[in-house]
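For reference, data_32.cif (mmCIF, N, CA and C atoms and all ligand atoms):
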```
data_target
loop_
_atom_site.label_atom_id
_atom_site.label_comp_id
_atom_site.auth_asym_id
_atom_site.auth_seq_id
_atom_site.Cartn_x
_atom_site.Cartn_y
_atom_site.Cartn_z
N MET A 412 103.80 92.71 89.12
CA MET A 412 103.76 93.78 90.12
C MET A 412 104.01 93.16 91.50
N THR A 413 104.93 93.72 92.24
CA THR A 413 105.25 93.20 93.56
C THR A 413 104.29 93.75 94.60
N HIS A 414 104.31 93.13 95.78
CA HIS A 414 103.46 93.61 96.86
C HIS A 414 103.81 95.04 97.22
N THR A 415 105.12 95.33 97.28
CA THR A 415 105.57 96.68 97.62
C THR A 415 105.00 97.69 96.62
N ARG A 416 105.06 97.36 95.38
CA ARG A 416 104.55 98.24 94.34
C ARG A 416 103.07 98.53 94.56
N SER A 417 102.32 97.52 94.94
CA SER A 417 100.89 97.70 95.17
C SER A 417 100.64 98.69 96.29
N VAL A 418 101.44 98.65 97.32
CA VAL A 418 101.28 99.58 98.44
C VAL A 418 101.47 101.00 97.95
N TYR A 419 102.48 101.21 97.13
CA TYR A 419 102.72 102.57 96.62
C TYR A 419 101.57 103.02 95.73
N THR A 420 101.06 102.11 94.94
CA THR A 420 99.96 102.48 94.06
C THR A 420 98.74 102.87 94.89
N ILE A 421 98.46 102.13 95.93
CA ILE A 421 97.33 102.44 96.80
C ILE A 421 97.54 103.81 97.44
N ALA A 422 98.76 104.08 97.89
CA ALA A 422 99.05 105.37 98.51
C ALA A 422 98.80 106.49 97.52
N ARG A 423 99.18 106.28 96.29
CA ARG A 423 99.01 107.31 95.28
C ARG A 423 97.52 107.57 95.02
N ILE A 424 96.73 106.51 94.96
CA ILE A 424 95.30 106.67 94.75
C ILE A 424 94.70 107.45 95.92
N ARG A 425 95.10 107.07 97.13
CA ARG A 425 94.58 107.76 98.30
C ARG A 425 94.98 109.23 98.27
N ASP A 426 96.22 109.50 97.85
CA ASP A 426 96.71 110.87 97.78
C ASP A 426 95.81 111.68 96.85
N ASP A 427 95.45 111.11 95.73
CA ASP A 427 94.61 111.83 94.77
C ASP A 427 93.21 112.07 95.32
N ARG A 428 92.78 111.24 96.27
CA ARG A 428 91.42 111.37 96.79
C ARG A 428 91.34 112.15 98.08
N SER A 429 92.50 112.58 98.61
CA SER A 429 92.45 113.33 99.85
C SER A 429 91.71 114.64 99.60
N PRO A 430 90.94 115.10 100.58
CA PRO A 430 90.11 116.27 100.36
C PRO A 430 90.94 117.52 100.10
N ALA A 431 90.51 118.31 99.15
CA ALA A 431 91.21 119.55 98.84
C ALA A 431 90.81 120.61 99.86
N PRO A 432 91.79 121.32 100.41
CA PRO A 432 91.45 122.39 101.35
C PRO A 432 90.76 123.54 100.63
N ALA A 433 90.17 124.44 101.41
CA ALA A 433 89.39 125.55 100.85
C ALA A 433 90.22 126.34 99.84
N ALA A 434 91.39 126.79 100.25
CA ALA A 434 92.26 127.49 99.32
C ALA A 434 93.10 126.43 98.63
N ASP A 435 92.83 126.15 97.38
CA ASP A 435 93.47 125.00 96.75
C ASP A 435 94.88 125.32 96.30
N TRP A 436 95.81 125.04 97.18
CA TRP A 436 97.22 125.26 96.93
C TRP A 436 97.74 124.35 95.83
N ARG A 437 97.01 123.29 95.52
CA ARG A 437 97.50 122.31 94.55
C ARG A 437 97.70 122.91 93.15
N HIS A 438 97.01 124.01 92.87
CA HIS A 438 97.17 124.64 91.55
C HIS A 438 98.59 125.17 91.35
N ASP A 439 99.29 125.45 92.45
CA ASP A 439 100.61 126.08 92.35
C ASP A 439 101.76 125.11 92.60
N ARG A 440 101.47 123.85 92.73
CA ARG A 440 102.52 122.91 93.10
C ARG A 440 103.54 122.72 91.97
N ALA A 441 104.79 122.57 92.39
CA ALA A 441 105.88 122.42 91.43
C ALA A 441 105.91 121.05 90.77
N CYS A 442 105.20 120.08 91.35
CA CYS A 442 105.26 118.71 90.83
C CYS A 442 104.14 118.39 89.85
N THR A 443 103.37 119.36 89.46
CA THR A 443 102.22 119.10 88.59
C THR A 443 102.59 118.30 87.35
N ASP A 444 103.64 118.68 86.69
CA ASP A 444 104.03 118.00 85.46
C ASP A 444 105.17 117.00 85.65
N ALA A 445 105.54 116.77 86.90
CA ALA A 445 106.65 115.85 87.18
C ALA A 445 106.18 114.40 87.11
N ASP A 446 107.09 113.51 86.85
CA ASP A 446 106.81 112.07 86.84
C ASP A 446 106.52 111.63 88.29
N SER A 447 105.31 111.15 88.53
CA SER A 447 104.93 110.78 89.90
C SER A 447 105.80 109.66 90.46
N GLU A 448 106.42 108.88 89.58
CA GLU A 448 107.30 107.80 90.05
C GLU A 448 108.46 108.36 90.87
N LEU A 449 108.86 109.60 90.58
CA LEU A 449 109.96 110.21 91.34
C LEU A 449 109.59 110.36 92.81
N PHE A 450 108.31 110.56 93.07
CA PHE A 450 107.86 110.82 94.43
C PHE A 450 107.53 109.54 95.19
N TYR A 451 107.53 108.42 94.46
CA TYR A 451 107.26 107.12 95.07
C TYR A 451 108.33 106.11 94.63
N PRO A 452 109.59 106.40 94.93
CA PRO A 452 110.64 105.45 94.51
C PRO A 452 110.43 104.10 95.20
N THR A 453 110.78 103.05 94.50
CA THR A 453 110.54 101.71 95.05
C THR A 453 111.80 101.04 95.56
N GLU A 454 112.95 101.65 95.35
CA GLU A 454 114.19 101.03 95.82
C GLU A 454 114.97 101.97 96.72
N HIS A 455 115.57 101.41 97.73
CA HIS A 455 116.51 102.08 98.63
C HIS A 455 115.89 103.11 99.57
N THR A 456 114.59 103.25 99.59
CA THR A 456 114.00 104.28 100.46
C THR A 456 114.14 103.94 101.93
N THR A 457 114.29 102.67 102.24
CA THR A 457 114.47 102.26 103.63
C THR A 457 115.84 101.63 103.85
N SER A 458 116.75 101.88 102.92
CA SER A 458 118.11 101.33 103.02
C SER A 458 118.79 101.82 104.29
N THR A 459 119.64 100.97 104.84
CA THR A 459 120.43 101.40 105.99
C THR A 459 121.61 102.24 105.54
N ASP A 460 121.86 102.26 104.23
CA ASP A 460 122.92 103.10 103.66
C ASP A 460 122.36 104.50 103.42
N PRO A 461 122.80 105.50 104.19
CA PRO A 461 122.25 106.84 104.05
C PRO A 461 122.43 107.42 102.65
N GLY A 462 123.51 107.04 101.97
CA GLY A 462 123.76 107.54 100.62
C GLY A 462 122.73 107.03 99.63
N LYS A 463 122.42 105.74 99.73
CA LYS A 463 121.41 105.15 98.83
C LYS A 463 120.03 105.73 99.12
N ARG A 464 119.74 105.89 100.41
CA ARG A 464 118.45 106.45 100.81
C ARG A 464 118.32 107.88 100.27
N ALA A 465 119.35 108.66 100.43
CA ALA A 465 119.31 110.05 99.95
C ALA A 465 119.15 110.10 98.44
N ALA A 466 119.86 109.20 97.74
CA ALA A 466 119.78 109.19 96.28
C ALA A 466 118.39 108.82 95.79
N ALA A 467 117.71 107.93 96.53
CA ALA A 467 116.37 107.52 96.13
C ALA A 467 115.39 108.70 96.15
N TRP A 468 115.55 109.56 97.12
CA TRP A 468 114.61 110.69 97.26
C TRP A 468 115.09 111.96 96.58
N ALA A 469 116.34 112.00 96.15
CA ALA A 469 116.94 113.25 95.65
C ALA A 469 116.17 113.90 94.49
N PRO A 470 115.75 113.16 93.48
CA PRO A 470 115.07 113.83 92.37
C PRO A 470 113.78 114.54 92.81
N ALA A 471 113.01 113.91 93.66
CA ALA A 471 111.77 114.54 94.13
C ALA A 471 112.09 115.70 95.08
N ARG A 472 113.09 115.52 95.92
CA ARG A 472 113.47 116.61 96.84
C ARG A 472 113.86 117.87 96.07
N ALA A 473 114.52 117.67 94.94
CA ALA A 473 114.94 118.82 94.14
C ALA A 473 113.72 119.59 93.63
N ILE A 474 112.68 118.87 93.29
CA ILE A 474 111.45 119.54 92.83
C ILE A 474 110.77 120.24 94.01
N CYS A 475 110.65 119.54 95.12
CA CYS A 475 110.02 120.14 96.31
C CYS A 475 110.76 121.40 96.76
N ALA A 476 112.06 121.40 96.58
CA ALA A 476 112.86 122.55 97.03
C ALA A 476 112.47 123.82 96.30
N THR A 477 111.89 123.68 95.12
CA THR A 477 111.50 124.86 94.34
C THR A 477 110.01 125.17 94.47
N CYS A 478 109.30 124.39 95.26
CA CYS A 478 107.84 124.47 95.30
C CYS A 478 107.33 125.63 96.17
N PRO A 479 106.46 126.47 95.61
CA PRO A 479 105.95 127.59 96.38
C PRO A 479 104.90 127.20 97.43
N VAL A 480 104.39 125.98 97.35
CA VAL A 480 103.36 125.56 98.31
C VAL A 480 103.85 124.39 99.19
N LYS A 481 105.14 124.35 99.39
CA LYS A 481 105.76 123.25 100.14
C LYS A 481 105.16 123.10 101.54
N LYS A 482 105.00 124.21 102.24
CA LYS A 482 104.48 124.13 103.60
C LYS A 482 103.03 123.63 103.63
N ALA A 483 102.21 124.14 102.72
CA ALA A 483 100.82 123.69 102.65
C ALA A 483 100.74 122.21 102.32
N CYS A 484 101.60 121.76 101.42
CA CYS A 484 101.64 120.35 101.03
C CYS A 484 102.00 119.49 102.23
N LEU A 485 103.00 119.91 102.96
CA LEU A 485 103.43 119.14 104.14
C LEU A 485 102.32 119.08 105.18
N GLU A 486 101.72 120.20 105.48
CA GLU A 486 100.66 120.21 106.50
C GLU A 486 99.46 119.39 106.06
N ASP A 487 99.16 119.41 104.77
CA ASP A 487 98.06 118.59 104.25
C ASP A 487 98.35 117.11 104.51
N ALA A 488 99.57 116.68 104.19
CA ALA A 488 99.93 115.28 104.40
C ALA A 488 99.87 114.92 105.87
N LEU A 489 100.40 115.78 106.72
CA LEU A 489 100.39 115.49 108.15
C LEU A 489 98.96 115.46 108.69
N GLY A 490 98.07 116.17 108.02
CA GLY A 490 96.69 116.24 108.49
C GLY A 490 95.88 114.99 108.24
N TRP A 491 96.24 114.21 107.23
CA TRP A 491 95.41 113.03 106.95
C TRP A 491 96.17 111.71 107.00
N GLU A 492 97.49 111.75 106.97
CA GLU A 492 98.22 110.48 107.02
C GLU A 492 98.05 109.83 108.38
N PRO A 493 97.82 108.53 108.38
CA PRO A 493 97.68 107.85 109.67
C PRO A 493 99.03 107.47 110.27
N GLY A 494 99.08 107.44 111.56
CA GLY A 494 100.13 106.83 112.35
C GLY A 494 101.57 107.03 111.97
N GLY A 495 102.33 105.95 112.10
CA GLY A 495 103.78 105.99 111.97
C GLY A 495 104.27 105.87 110.54
N VAL A 496 105.54 105.60 110.42
CA VAL A 496 106.22 105.64 109.14
C VAL A 496 105.67 104.62 108.14
N TYR A 497 105.18 103.48 108.61
CA TYR A 497 104.74 102.43 107.69
C TYR A 497 103.45 102.78 106.97
N TYR A 498 102.75 103.79 107.43
CA TYR A 498 101.50 104.17 106.78
C TYR A 498 101.66 105.44 105.97
N ARG A 499 102.89 105.92 105.85
CA ARG A 499 103.17 107.12 105.08
C ARG A 499 103.93 106.71 103.83
N HIS A 500 103.61 107.33 102.71
CA HIS A 500 104.23 106.94 101.45
C HIS A 500 104.59 108.17 100.63
N GLY A 501 105.69 108.07 99.94
CA GLY A 501 106.09 109.12 99.02
C GLY A 501 106.68 110.33 99.71
N LEU A 502 107.14 111.24 98.89
CA LEU A 502 107.71 112.49 99.39
C LEU A 502 106.61 113.55 99.37
N ARG A 503 106.41 114.21 100.48
CA ARG A 503 105.40 115.28 100.56
C ARG A 503 106.02 116.45 101.30
N GLY A 504 105.87 117.62 100.73
CA GLY A 504 106.41 118.80 101.38
C GLY A 504 107.92 118.73 101.58
N GLY A 505 108.58 117.98 100.75
CA GLY A 505 110.03 117.85 100.84
C GLY A 505 110.51 116.84 101.87
N LEU A 506 109.58 116.16 102.54
CA LEU A 506 109.98 115.19 103.58
C LEU A 506 109.55 113.78 103.19
N ASP A 507 110.43 112.82 103.47
CA ASP A 507 110.09 111.43 103.21
C ASP A 507 109.26 110.89 104.38
N PRO A 508 108.71 109.68 104.25
CA PRO A 508 107.83 109.15 105.31
C PRO A 508 108.47 109.14 106.70
N ARG A 509 109.73 108.76 106.77
CA ARG A 509 110.41 108.70 108.06
C ARG A 509 110.51 110.11 108.66
N GLU A 510 110.85 111.07 107.84
CA GLU A 510 110.98 112.45 108.32
C GLU A 510 109.64 113.02 108.77
N ARG A 511 108.57 112.68 108.05
CA ARG A 511 107.24 113.17 108.46
C ARG A 511 106.82 112.53 109.77
N ALA A 512 107.08 111.24 109.91
CA ALA A 512 106.73 110.57 111.16
C ALA A 512 107.51 111.18 112.32
N ASN A 513 108.79 111.47 112.09
CA ASN A 513 109.61 112.09 113.13
C ASN A 513 109.10 113.48 113.47
N LEU A 514 108.68 114.23 112.47
CA LEU A 514 108.15 115.57 112.70
C LEU A 514 106.87 115.51 113.55
N VAL A 515 106.01 114.57 113.24
CA VAL A 515 104.78 114.42 114.02
C VAL A 515 105.11 114.08 115.47
N ARG A 516 106.02 113.15 115.67
CA ARG A 516 106.40 112.78 117.04
C ARG A 516 107.02 113.97 117.77
N SER A 517 107.84 114.72 117.08
CA SER A 517 108.47 115.90 117.68
C SER A 517 107.41 116.93 118.09
N ARG A 518 106.44 117.15 117.23
CA ARG A 518 105.37 118.09 117.56
C ARG A 518 104.54 117.59 118.74
N GLN A 519 104.31 116.30 118.77
CA GLN A 519 103.52 115.73 119.88
C GLN A 519 104.26 115.88 121.20
N ARG A 520 105.57 115.63 121.18
CA ARG A 520 106.37 115.79 122.41
C ARG A 520 106.35 117.24 122.86
N LYS A 521 106.48 118.16 121.92
CA LYS A 521 106.48 119.58 122.24
C LYS A 521 105.13 119.98 122.84
N ALA A 522 104.05 119.53 122.24
CA ALA A 522 102.72 119.87 122.75
C ALA A 522 102.52 119.31 124.15
N LYS A 523 103.04 118.11 124.38
CA LYS A 523 102.93 117.48 125.70
C LYS A 523 103.71 118.28 126.74
N ARG A 524 104.92 118.68 126.37
CA ARG A 524 105.73 119.50 127.29
C ARG A 524 105.03 120.80 127.63
N GLU A 525 104.48 121.45 126.60
CA GLU A 525 103.81 122.73 126.83
C GLU A 525 102.55 122.58 127.67
N ALA A 526 101.90 121.44 127.54
CA ALA A 526 100.68 121.20 128.31
C ALA A 526 100.98 120.97 129.79
N THR A 527 102.19 120.50 130.08
CA THR A 527 102.53 120.20 131.47
C THR A 527 103.29 121.34 132.15
N THR A 528 103.57 122.42 131.42
CA THR A 528 104.31 123.54 132.04
C THR A 528 103.40 124.71 132.32
S1 LIG B 1 106.09 120.22 98.17
FE1 LIG B 1 106.75 118.68 96.70
S2 LIG B 1 105.16 117.10 96.72
FE2 LIG B 1 104.32 118.93 97.69
S3 LIG B 1 103.22 120.02 96.06
FE3 LIG B 1 105.30 120.86 96.18
S4 LIG B 1 106.52 119.71 94.70
FE4 LIG B 1 104.63 118.56 95.08
#
```
Produce structure tokens that represent the structure in this file.
Ligand code: SF4
Amino acid sequence: MTHTRSVYTIARIRDDRSPAPAADWRHDRACTDADSELFYPTEHTTSTDPGKRAAAWAPARAICATCPVKKACLEDALGWEPGGVYYRHGLRGGLDPRERANLVRSRQRKAKREATT
């Protein structure tokens, strides 16, 4: 097992232990019976080649695209994931770690702008 693999495994354990919200949207998730490895690919996720990066996430994205609780899943991840891209793992709510980190930064900039206007 490589060091990288261990990080993904830890992320998966943490994901399973994150607190369930009052209305448990997890019962309706499209990934319930999916292979969890699809959501934690170990190759090409940080490739500088956009095609390889897209291919790494494509199988999980296809499942998320059909998910009725996609928004709840995304907000749950954003609610407990720490910091920047390096502390985010797997695909959640149809977004990869880089996309979630960018979304958080975008929301923070927007909130800052609104606070100063
Ligand atoms: S959005 Fe994707 S990761 Fe989240 S519950 Fe749905 S299928 Fe699973």
task: Using only N, CA and C atoms and all ligand atoms, pick whichever of A:Asp439, A:Asp460, A:Asp507, A:Glu454 has the shortest atom-to-atom distance to ligand LIG 1 (chain B).
output: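 Answer, going by the shortest atom-to-atom distance: A:Asp439.
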- prompt: Out of A:Arg464, A:Arg472, A:His500, A:Arg516, which residue has the shortest atom-to-atom distance to ligand LIG 1 (chain B) when counting only C-alpha atoms and all ligand atoms?
  reply: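 The shortest atom-to-atom distance to ligand LIG 1 (chain B) comes from A:Arg472.
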field: At most 5 Å from ligand LIG 1 (chain B) (only N, CA and C atoms and all ligand atoms): residue list as a list in words
entry: Arg440, Ala441, Cys442, Ile474, Cys475, Cys478, Val480, Lys481, Cys484, Leu502, Arg503, Gly504 and Gly505 of chain A
message: For a test of reading the model, state the distance in Å between CA of Tyr497 in chain A and atom N of Asp446 in chain A, rounded to one decimal.
response: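 If I compute the distance from CA of Tyr497 in chain A to atom N of Asp446 in chain A, I get 23.7 Å.
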query: What is the distance, in Å and to one decimal place, between CA of Asp444 in chain A and CA of Arg509 in chain A?
result: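 Taking CA of Asp444 in chain A as the start and CA of Arg509 in chain A as the end point, the length is 25.3 Å.
The space separating CA of Ala471 in chain A from atom C of Gly495 in chain A comes to 20.0 Å.
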- request: Would you mind telling me which residue in A:Leu489, A:Ser458, A:Gly501, A:Leu506 lies nearest to Arg518 in chain A when using only C-alpha atoms?
  value: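 Counting only C-alpha atoms, the residue closest to Arg518 in chain A is A:Leu489.
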task: Find, counting only N, CA and C atoms, the residue in A:Ala512, A:Ala476, A:Ala467, A:Ala522 that gets nearest to Val496 in chain A.
output: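 Among the listed residues, the smallest separation from Val496 in chain A belongs to A:Ala512.
The shortest atom-to-atom distance to Pro470 in chain A, with all atoms listed in the file taken into account, belongs to A:Phe450 out of A:Lys521, A:Phe450, A:Gly490, A:Arg511.
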field: Among listed residues A:Pro452, A:Glu486, A:Glu525, A:His438, nearest Ala465 in chain A (using only C-alpha atoms)
entry: A:Pro452
query: Hey, what does DSSP flag as alpha helix (DSSP H) within chain A? Can you give it to me as a PyMOL selection string?
result: chain A and resi 414-428+461-475+481-491+508-527
